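*Asks:* My questions will all concern the structure given below.
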2 protein chains.
Amino acid sequence: MDDRLERYAELVVRVGANVQAGQEVFIQTAVEQHDLARALARQAYRAGASYVHVLYRDGHARRAMIELGPDSALTYAPEWEKTLMEQWAGNALIGATTNPEPDLLADLDGERVGRAVKEELVELHLRLLDEGAMNWVGIGAPTEGWASQVLGEPDVEQLWEKVSFCMRLDEPDPAAAWEEHISRLGARARRLDELHADALRYRGPGTDLTVGLLPNVRWDSGAAETSTGIRYVANMPTEEVFTSPDARRTEGTLRSTRPLPLGGQIVRGLELTFEDGRAVRVEAETGADVVRAHFATIENADRLGEVALVTKESRVGQTGLLFYDPLYDENATCHIAYGSGFVSLADGEPHEGINRANHHVDFMVGGPELEVDAVLADGSTVPLIRDEEWQLG
Amino acid sequence: MDDRLERYAELVVRVGANVQAGQEVFIQTAVEQHDLARALARQAYRAGASYVHVLYRDGHARRAMIELGPDSALTYAPEWEKTLMEQWAGNALIGATTNPEPDLLADLDGERVGRAVKEELVELHLRLLDEGAMNWVGIGAPTEGWASQVLGEPDVEQLWEKVSFCMRLDEPDPAAAWEEHISRLGARARRLDELHADALRYRGPGTDLTVGLLPNVRWDSGAAETSTGIRYVANMPTEEVFTSPDARRTEGTLRSTRPLPLGGQIVRGLELTFEDGRAVRVEAETGADVVRAHFATIENADRLGEVALVTKESRVGQTGLLFYDPLYDENATCHIAYGSGFVSLADGEPHEGINRANHHVDFMVGGPELEVDAVLADGSTVPLIRDEEWQLG
């Protein structure tokens, strides 16, 4: 088991973040995930890190803040956290995305949960991403707690099997398997670029949505490069091709197809209605107030920042599991994000149409009944996704 | 049990740190002690904190650094940690002193363990203390792990009984009991001031030491006050009266009477020989290299910074237990610290004779056979401690 954790951490350090000798490495996990953080620290030093910073998040500290703290605490961005983020530049960052208790805040006021976003820090984070300032990766954190959520029992052995499959750790040469996988996704992105589509059209149960695309904004896959040329894989696993749409041209309705852990509550059955690019109506079975608070308090959170296509070839999707971890669930099926887009995908300035907002929330819209078409400039359509299968060749 | 933890946290927040409405509160524990950190966060918000920062230390990350990191990592002080410390000023700080695995680094090179001190951060910390910049408290962290260390089994119930006794949580009104206790220690400090002693003389098995005292430096107890007049109790429990000696006038030999957890190793049977104020010889059954590295790499670490008197009335001492937590063990019996002294104890500038060093390490020298005398200016002596009892009245 220790050996498995070390091999996982090594893959993450070498292929995901691609830690370079002499870099500082920032590791962020939940406090419950310290075994993973420690393995990552060891592997980062073995890869030549000059220093490893281990920082633990605590959902219960966040809970205390929202439940018992003053309003001003909800959005307060401490100076030291800004300094910390500025230190990311030129260095490597590894973050666990798994929330060990995704519904810890279920009984709290959703509006307060939604308002609790440190916009100054998000803005700084997004600027660093735009600048290609660091090599980074988001990963899942296999623990007994996560196993209980995903499998209904703390069967960490079985969870490791699933995670190893999604992470290609079951391959004889995982690094080579990742290289091949990333190339395959890259080819899809190039095919989409060649279409020069004007819009995407989504149709499915509760979904009838058109999203404009921008001519100077490319499609991308999980492979990325820093401004200094360090290649990295920002999400492990990744199964998507994605772009940032023209945030001014979203029209129609959208129904989420999987529960979405969001800030300590789980949003189920999310339904959004867009007019003139903005979400004008938010409904959900649970958690609607969190989304509404985002839209009410964060400028442009009510516009889309990302559209992403995932097919049934996804190893995450093939597990048939709900992971309650946005990283895993968004790589199981097609997803869309509200909030900030990625200006780094645009050729040339200014990036008219790409949304700017101090938040970015992915939610899942894919499933067997979802049809996604590209709408070309002449009004004709090209099928992209049918029955979760890739149609472009 | 939850209720007990909350009552403990409340006492620490209200009487120890004395958190003021509108203050930010910085909570630091080991990652294994998150239950305590969370209770402290809740109680701090209940006391009116504007924001609570929870920061977790990880001994295993430190282990990875010392075992696998480059030499430069050992003393590296990250910019964000400096910013964090600067934010302490004007705010409240609560730190757990218990190391959940005090001998985690036992198998590593003691010289590297000893060199791993972030002097820049220690220097900043000491400056903030000198300035009376924050109200703060160090406390123990009752967990199953600590129970195993102290009692030989994870009997957390029994540990809580001992901790409650030491912390006066067993009193009908713990806050009032602390007020009375602190007054009693304060009276001892005043009695020592009135002696105007020129030196202390320690005699016991392996110990024959004279330590000079300074005329303009007072004795103090655990009660303190910030520069803005916020009273606090810096150690809970506290049982000591202490002062900073004339670091230039230490002569003789000193044998430690209890094991000392130090940076991840346990120093046992420490013997120091002083000449002209400096430690010229270090011996120990285990851990000597850690102390030697402190003396070799940190300027003036080889001079004394504190002498402290504790008697058998100490509730910690009465438990008869070894806690492997410097806070508890140093409040069980007389102790001495090498490294930095406290310039805040001096009336007037400059503070000639008070040691300045970027470290401060307390070690225990007390026991039934230790005799401590005050040596007056005329050479006569006044007994202070015999058979762990207070002799001054």
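By convention here, the chains of the structure tokens are called A, B, ... in the order presented, each chain's residues are numbered starting at 1, and ligands are numbered starting at 1 in the order presented.
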Could you give me, as a ChimeraX atom specification, each residue of region 38-284 of chain B that DSSP assigns to alpha helix (DSSP H) when run on this structure's backbone?

*Replies:* /B:38-46,59-68,71-74,79-88,110-115,119-130,144-151,156-166,174-195

*Asks:* Once you have the residues from the selection above, write them out as a PDB file, in the first residue's frame, restricted to C-alpha atoms.

*Replies:*
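For reference, again29.pdb as written:
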ATOM      1  CA  ARG B  38     -11.151  23.123  14.955  1.00  0.00           C
ATOM      2  CA  ALA B  39     -12.448  23.560  18.500  1.00  0.00           C
ATOM      3  CA  LEU B  40     -10.107  26.536  18.958  1.00  0.00           C
ATOM      4  CA  ALA B  41     -11.370  28.047  15.692  1.00  0.00           C
ATOM      5  CA  ARG B  42     -14.967  27.725  16.849  1.00  0.00           C
ATOM      6  CA  GLN B  43     -14.219  29.235  20.243  1.00  0.00           C
ATOM      7  CA  ALA B  44     -12.197  32.060  18.702  1.00  0.00           C
ATOM      8  CA  TYR B  45     -15.103  33.043  16.466  1.00  0.00           C
ATOM      9  CA  ARG B  46     -17.428  32.833  19.491  1.00  0.00           C
ATOM     10  CA  GLY B  59       6.607  16.500  11.106  1.00  0.00           C
ATOM     11  CA  HIS B  60       6.707  14.134   8.133  1.00  0.00           C
ATOM     12  CA  ALA B  61       7.181  17.010   5.691  1.00  0.00           C
ATOM     13  CA  ARG B  62      10.052  18.137   7.915  1.00  0.00           C
ATOM     14  CA  ARG B  63      11.400  14.599   7.886  1.00  0.00           C
ATOM     15  CA  ALA B  64      11.303  14.515   4.059  1.00  0.00           C
ATOM     16  CA  MET B  65      13.161  17.831   3.961  1.00  0.00           C
ATOM     17  CA  ILE B  66      15.932  16.695   6.295  1.00  0.00           C
ATOM     18  CA  GLU B  67      16.220  13.212   4.802  1.00  0.00           C
ATOM     19  CA  LEU B  68      15.886  14.042   1.098  1.00  0.00           C
ATOM     20  CA  ASP B  71      21.290  21.634   2.488  1.00  0.00           C
ATOM     21  CA  SER B  72      19.783  24.976   1.496  1.00  0.00           C
ATOM     22  CA  ALA B  73      16.289  23.728   2.440  1.00  0.00           C
ATOM     23  CA  LEU B  74      17.248  23.234   6.095  1.00  0.00           C
ATOM     24  CA  GLU B  79       8.647  34.757   2.167  1.00  0.00           C
ATOM     25  CA  TRP B  80       5.026  33.796   2.849  1.00  0.00           C
ATOM     26  CA  GLU B  81       5.930  32.600   6.335  1.00  0.00           C
ATOM     27  CA  LYS B  82       7.492  35.982   7.055  1.00  0.00           C
ATOM     28  CA  THR B  83       4.347  37.741   5.831  1.00  0.00           C
ATOM     29  CA  LEU B  84       2.298  35.402   7.999  1.00  0.00           C
ATOM     30  CA  MET B  85       4.324  36.252  11.088  1.00  0.00           C
ATOM     31  CA  GLU B  86       4.135  39.958  10.383  1.00  0.00           C
ATOM     32  CA  GLN B  87       0.355  39.550  10.381  1.00  0.00           C
ATOM     33  CA  TRP B  88       0.536  38.297  13.971  1.00  0.00           C
ATOM     34  CA  GLY B 110      21.408  14.574  14.284  1.00  0.00           C
ATOM     35  CA  GLU B 111      23.690  17.227  12.870  1.00  0.00           C
ATOM     36  CA  ARG B 112      21.237  17.862  10.002  1.00  0.00           C
ATOM     37  CA  VAL B 113      18.298  17.830  12.416  1.00  0.00           C
ATOM     38  CA  GLY B 114      20.067  20.434  14.548  1.00  0.00           C
ATOM     39  CA  ARG B 115      20.931  22.622  11.571  1.00  0.00           C
ATOM     40  CA  GLU B 119      16.739  31.489  11.942  1.00  0.00           C
ATOM     41  CA  GLU B 120      15.129  34.327  10.007  1.00  0.00           C
ATOM     42  CA  LEU B 121      11.718  33.242  11.230  1.00  0.00           C
ATOM     43  CA  VAL B 122      12.916  32.733  14.791  1.00  0.00           C
ATOM     44  CA  GLU B 123      14.472  36.200  14.739  1.00  0.00           C
ATOM     45  CA  LEU B 124      11.219  37.747  13.540  1.00  0.00           C
ATOM     46  CA  HIS B 125       9.266  35.764  16.137  1.00  0.00           C
ATOM     47  CA  LEU B 126      11.558  36.945  18.939  1.00  0.00           C
ATOM     48  CA  ARG B 127      11.313  40.557  17.760  1.00  0.00           C
ATOM     49  CA  LEU B 128       7.505  40.390  17.885  1.00  0.00           C
ATOM     50  CA  LEU B 129       7.693  38.904  21.388  1.00  0.00           C
ATOM     51  CA  ASP B 130      10.073  41.653  22.507  1.00  0.00           C
ATOM     52  CA  GLU B 144      -4.775   9.408  21.540  1.00  0.00           C
ATOM     53  CA  GLY B 145      -1.230   9.691  20.249  1.00  0.00           C
ATOM     54  CA  TRP B 146      -0.137  11.872  23.130  1.00  0.00           C
ATOM     55  CA  ALA B 147      -1.895   9.534  25.576  1.00  0.00           C
ATOM     56  CA  SER B 148       0.127   6.622  24.201  1.00  0.00           C
ATOM     57  CA  GLN B 149       3.369   8.522  24.721  1.00  0.00           C
ATOM     58  CA  VAL B 150       2.589   9.678  28.234  1.00  0.00           C
ATOM     59  CA  LEU B 151       0.703   6.684  29.602  1.00  0.00           C
ATOM     60  CA  VAL B 156      -7.268   9.456  26.161  1.00  0.00           C
ATOM     61  CA  GLU B 157      -9.760   9.523  29.072  1.00  0.00           C
ATOM     62  CA  GLN B 158      -6.956   9.266  31.612  1.00  0.00           C
ATOM     63  CA  LEU B 159      -4.848  11.811  29.729  1.00  0.00           C
ATOM     64  CA  TRP B 160      -7.758  14.253  29.796  1.00  0.00           C
ATOM     65  CA  GLU B 161      -7.974  13.828  33.573  1.00  0.00           C
ATOM     66  CA  LYS B 162      -4.301  14.748  33.890  1.00  0.00           C
ATOM     67  CA  VAL B 163      -4.572  17.647  31.461  1.00  0.00           C
ATOM     68  CA  SER B 164      -7.734  18.940  33.133  1.00  0.00           C
ATOM     69  CA  PHE B 165      -5.922  18.871  36.474  1.00  0.00           C
ATOM     70  CA  CYS B 166      -2.874  20.704  35.091  1.00  0.00           C
ATOM     71  CA  PRO B 174     -11.286  27.673  35.994  1.00  0.00           C
ATOM     72  CA  ALA B 175     -10.831  31.306  34.964  1.00  0.00           C
ATOM     73  CA  ALA B 176     -10.931  32.457  38.587  1.00  0.00           C
ATOM     74  CA  ALA B 177      -8.573  29.635  39.594  1.00  0.00           C
ATOM     75  CA  TRP B 178      -6.117  30.845  36.958  1.00  0.00           C
ATOM     76  CA  GLU B 179      -6.359  34.416  38.211  1.00  0.00           C
ATOM     77  CA  GLU B 180      -5.472  33.265  41.716  1.00  0.00           C
ATOM     78  CA  HIS B 181      -2.702  30.960  40.494  1.00  0.00           C
ATOM     79  CA  ILE B 182      -1.089  33.697  38.423  1.00  0.00           C
ATOM     80  CA  SER B 183      -1.173  36.104  41.375  1.00  0.00           C
ATOM     81  CA  ARG B 184       0.587  33.548  43.532  1.00  0.00           C
ATOM     82  CA  LEU B 185       3.364  33.130  40.952  1.00  0.00           C
ATOM     83  CA  GLY B 186       3.550  36.913  40.501  1.00  0.00           C
ATOM     84  CA  ALA B 187       4.157  37.307  44.257  1.00  0.00           C
ATOM     85  CA  ARG B 188       7.073  34.847  44.014  1.00  0.00           C
ATOM     86  CA  ALA B 189       8.577  36.887  41.204  1.00  0.00           C
ATOM     87  CA  ARG B 190       8.315  40.081  43.303  1.00  0.00           C
ATOM     88  CA  ARG B 191      10.032  38.337  46.245  1.00  0.00           C
ATOM     89  CA  LEU B 192      12.902  37.355  43.953  1.00  0.00           C
ATOM     90  CA  ASP B 193      13.173  40.906  42.615  1.00  0.00           C
ATOM     91  CA  GLU B 194      13.423  42.200  46.170  1.00  0.00           C
ATOM     92  CA  LEU B 195      16.445  39.967  46.814  1.00  0.00           C
TER      93      LEU B 195
END

*Asks:* So which bits of region 85-331 of chain B end up strand (DSSP E or B) when you DSSP the backbone, as a PyMOL selection string?

*Replies:* chain B and resi 92-96+135-139+199-204+207-212+217+220+223-225+231-233+235-236+241-243+246-255+260-262+265-268+271-275+278-283+286+304-309

*Asks:* Could you tell me how far CA of Ala133 (chain A) sits from CA of Ala92 (chain A), in Å to one decimal place?

*Replies:*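 Going from CA of Ala92 (chain A) over to CA of Ala133 (chain A), I get 9.1 Å.
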
*Asks:* Excluding same-chain residues fewer than 6 positions from Leu214 (chain A), what lies within 7 Å of it counting only C-alpha atoms, as an mmCIF file with all heavy atoms, in the first residue's frame?

*Replies:*
data_model
loop_
_atom_site.group_PDB
_atom_site.id
_atom_site.type_symbol
_atom_site.label_atom_id
_atom_site.label_comp_id
_atom_site.auth_asym_id
_atom_site.auth_seq_id
_atom_site.Cartn_x
_atom_site.Cartn_y
_atom_site.Cartn_z
ATOM 1 N N ASP A 198 -18.849 28.301 -35.422
ATOM 2 C CA ASP A 198 -19.317 29.576 -34.893
ATOM 3 C C ASP A 198 -19.994 29.397 -33.533
ATOM 4 O O ASP A 198 -20.100 30.346 -32.759
ATOM 5 C CB ASP A 198 -20.317 30.186 -35.870
ATOM 6 C CG ASP A 198 -20.900 31.484 -35.354
ATOM 7 O OD1 ASP A 198 -20.112 32.437 -35.145
ATOM 8 O OD2 ASP A 198 -22.130 31.524 -35.094
ATOM 9 N N PRO A 245 -15.735 29.840 -24.546
ATOM 10 C CA PRO A 245 -16.685 30.316 -25.552
ATOM 11 C C PRO A 245 -16.801 31.842 -25.551
ATOM 12 O O PRO A 245 -16.172 32.522 -24.742
ATOM 13 C CB PRO A 245 -17.994 29.685 -25.094
ATOM 14 C CG PRO A 245 -17.873 29.656 -23.605
ATOM 15 C CD PRO A 245 -16.407 29.401 -23.313
ATOM 16 N N ASP A 246 -17.603 32.332 -26.479
ATOM 17 C CA ASP A 246 -17.966 33.745 -26.500
ATOM 18 C C ASP A 246 -19.051 33.946 -25.441
ATOM 19 O O ASP A 246 -20.212 33.582 -25.655
ATOM 20 C CB ASP A 246 -18.482 34.120 -27.895
ATOM 21 C CG ASP A 246 -18.766 35.609 -28.006
ATOM 22 O OD1 ASP A 246 -18.864 36.287 -26.946
ATOM 23 O OD2 ASP A 246 -18.894 36.102 -29.140
#

*Asks:* So that I can see what lies close to Ile298 (chain B), please list as a list in words the residues with an atom at most 10 Å from it, counting only C-alpha atoms and leaving out residues fewer than 3 positions away in the same chain.

*Replies:* Gly114, Arg115, Val117, Glu119, Ala293, His294, Phe295, Ala301, Asp302, Gly339, Ala357, Asn358 and His359 of chain B

*Asks:* Kindly give the distance, in Å, that separates CA of Val316 (chain B) and CA of Gly366 (chain B), rounded to a single decimal.

*Replies:*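 Between CA of Val316 (chain B) and CA of Gly366 (chain B) the gap works out to 13.0 Å.
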
*Asks:* For the interface of region 96-149 of chain B with region 11-33 of chain B (cut-off 12 Å, counting only C-alpha atoms), please tabulate each contacting residue of region 96-149 of chain B alongside its nearest pair of atoms and their separation in Å to one decimal, rows sorted by chain and increasing number, as CSV.

*Replies:*
residue,atom,partner,partner_atom,distance
B:Ala96,CA,B:Thr29,CA,4.9
B:Thr97,CA,B:Thr29,CA,7.6
B:Thr98,CA,B:Ala30,CA,8.0
B:Asn99,CA,B:Ala30,CA,7.2
B:Pro100,CA,B:Glu32,CA,7.1
B:Glu101,CA,B:Glu32,CA,9.8
B:Pro102,CA,B:Ala30,CA,11.5
B:Met134,CA,B:Ala17,CA,8.9
B:Asn135,CA,B:Ala17,CA,5.4
B:Trp136,CA,B:Ala17,CA,4.6
B:Val137,CA,B:Ala17,CA,5.2
B:Gly138,CA,B:Gly16,CA,8.2
B:Ile139,CA,B:Val12,CA,7.8
B:Gly140,CA,B:Thr29,CA,9.5
B:Ala141,CA,B:Gln33,CA,6.6
B:Pro142,CA,B:Gln33,CA,8.1
B:Thr143,CA,B:Gln33,CA,7.0
B:Glu144,CA,B:Gln33,CA,9.8
B:Gly145,CA,B:Glu32,CA,8.6
B:Trp146,CA,B:Gln33,CA,9.9

*Asks:* Considering only C-alpha atoms, can you say which of B:Ala106, B:Leu260, B:Ala279, B:Ala332 comes closest to Val310 (chain B)?

*Replies:*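 Smallest distance to Val310 (chain B) is found for B:Ala332.
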
*Asks:* Which is closest to Leu272 (chain A) among A:Asn91, A:Thr381, A:Thr207, A:Thr297, if we use only C-alpha atoms?

*Replies:*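 Closest candidate: A:Thr207.
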
*Asks:* Compare B:Ala308, B:Leu370, B:Gly264, B:Glu251 by their minimum atom-to-atom distance to Asp58 (chain B), counting only C-alpha atoms, and give me the closest one.

*Replies:* B:Gly264

*Asks:* Quick one: everything within 10 Å of Glu306 (chain A), counting only C-alpha atoms, minus sequence neighbours fewer than 6 positions away in the same chain. Send it as a PDB file with N, CA and C atoms, in the first residue's frame.

*Replies:*
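Just written: selection05.pdb:
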ATOM      1  N   PHE A 242     -11.284  21.146 -24.547  1.00  0.00           N
ATOM      2  CA  PHE A 242     -12.070  22.270 -24.027  1.00  0.00           C
ATOM      3  C   PHE A 242     -11.664  23.566 -24.707  1.00  0.00           C
ATOM      4  N   THR A 243     -12.556  24.541 -24.618  1.00  0.00           N
ATOM      5  CA  THR A 243     -12.235  25.885 -25.078  1.00  0.00           C
ATOM      6  C   THR A 243     -13.020  26.879 -24.231  1.00  0.00           C
ATOM      7  N   SER A 244     -12.716  28.158 -24.411  1.00  0.00           N
ATOM      8  CA  SER A 244     -13.523  29.200 -23.772  1.00  0.00           C
ATOM      9  C   SER A 244     -14.428  29.804 -24.827  1.00  0.00           C
ATOM     10  N   PRO A 245     -15.735  29.840 -24.546  1.00  0.00           N
ATOM     11  CA  PRO A 245     -16.685  30.316 -25.552  1.00  0.00           C
ATOM     12  C   PRO A 245     -16.801  31.842 -25.551  1.00  0.00           C
ATOM     13  N   ASP A 246     -17.603  32.332 -26.479  1.00  0.00           N
ATOM     14  CA  ASP A 246     -17.966  33.745 -26.500  1.00  0.00           C
ATOM     15  C   ASP A 246     -19.051  33.946 -25.441  1.00  0.00           C
ATOM     16  N   ALA A 247     -18.654  34.495 -24.317  1.00  0.00           N
ATOM     17  CA  ALA A 247     -19.565  34.561 -23.164  1.00  0.00           C
ATOM     18  C   ALA A 247     -20.787  35.434 -23.449  1.00  0.00           C
ATOM     19  N   HIS A 335     -18.767  18.627 -19.843  1.00  0.00           N
ATOM     20  CA  HIS A 335     -19.054  19.610 -18.799  1.00  0.00           C
ATOM     21  C   HIS A 335     -18.904  21.027 -19.331  1.00  0.00           C
ATOM     22  N   ILE A 336     -19.395  21.930 -18.545  1.00  0.00           N
ATOM     23  CA  ILE A 336     -19.399  23.357 -18.860  1.00  0.00           C
ATOM     24  C   ILE A 336     -19.026  24.061 -17.570  1.00  0.00           C
ATOM     25  N   ALA A 337     -18.346  25.192 -17.664  1.00  0.00           N
ATOM     26  CA  ALA A 337     -18.034  25.949 -16.449  1.00  0.00           C
ATOM     27  C   ALA A 337     -18.620  27.349 -16.539  1.00  0.00           C
ATOM     28  N   TYR A 338     -19.183  27.790 -15.429  1.00  0.00           N
ATOM     29  CA  TYR A 338     -19.508  29.215 -15.345  1.00  0.00           C
ATOM     30  C   TYR A 338     -18.353  29.931 -14.657  1.00  0.00           C
ATOM     31  N   GLY A 339     -18.235  31.220 -14.979  1.00  0.00           N
ATOM     32  CA  GLY A 339     -17.142  32.008 -14.412  1.00  0.00           C
ATOM     33  C   GLY A 339     -16.039  32.213 -15.436  1.00  0.00           C
ATOM     34  N   SER A 340     -14.827  32.332 -14.928  1.00  0.00           N
ATOM     35  CA  SER A 340     -13.717  32.774 -15.768  1.00  0.00           C
ATOM     36  C   SER A 340     -13.393  31.819 -16.915  1.00  0.00           C
ATOM     37  N   GLY A 341     -13.087  32.398 -18.075  1.00  0.00           N
ATOM     38  CA  GLY A 341     -12.527  31.646 -19.191  1.00  0.00           C
ATOM     39  C   GLY A 341     -11.007  31.717 -19.160  1.00  0.00           C
ATOM     40  N   PHE A 342     -10.397  31.148 -20.201  1.00  0.00           N
ATOM     41  CA  PHE A 342      -8.927  31.061 -20.251  1.00  0.00           C
ATOM     42  C   PHE A 342      -8.414  31.951 -21.380  1.00  0.00           C
ATOM     43  N   ILE A 354     -14.104  36.427 -24.225  1.00  0.00           N
ATOM     44  CA  ILE A 354     -13.752  35.446 -23.188  1.00  0.00           C
ATOM     45  C   ILE A 354     -14.123  36.036 -21.827  1.00  0.00           C
ATOM     46  N   ASN A 355     -14.848  35.267 -21.057  1.00  0.00           N
ATOM     47  CA  ASN A 355     -15.354  35.815 -19.795  1.00  0.00           C
ATOM     48  C   ASN A 355     -14.240  36.004 -18.772  1.00  0.00           C
ATOM     49  N   HIS A 360     -14.514  30.032 -11.037  1.00  0.00           N
ATOM     50  CA  HIS A 360     -14.624  29.112 -12.177  1.00  0.00           C
ATOM     51  C   HIS A 360     -15.199  27.824 -11.609  1.00  0.00           C
ATOM     52  N   VAL A 361     -16.425  27.475 -12.023  1.00  0.00           N
ATOM     53  CA  VAL A 361     -17.094  26.294 -11.472  1.00  0.00           C
ATOM     54  C   VAL A 361     -17.527  25.388 -12.617  1.00  0.00           C
ATOM     55  N   ASP A 362     -16.952  24.195 -12.667  1.00  0.00           N
ATOM     56  CA  ASP A 362     -17.332  23.198 -13.674  1.00  0.00           C
ATOM     57  C   ASP A 362     -18.541  22.403 -13.194  1.00  0.00           C
TER      58      ASP A 362
END
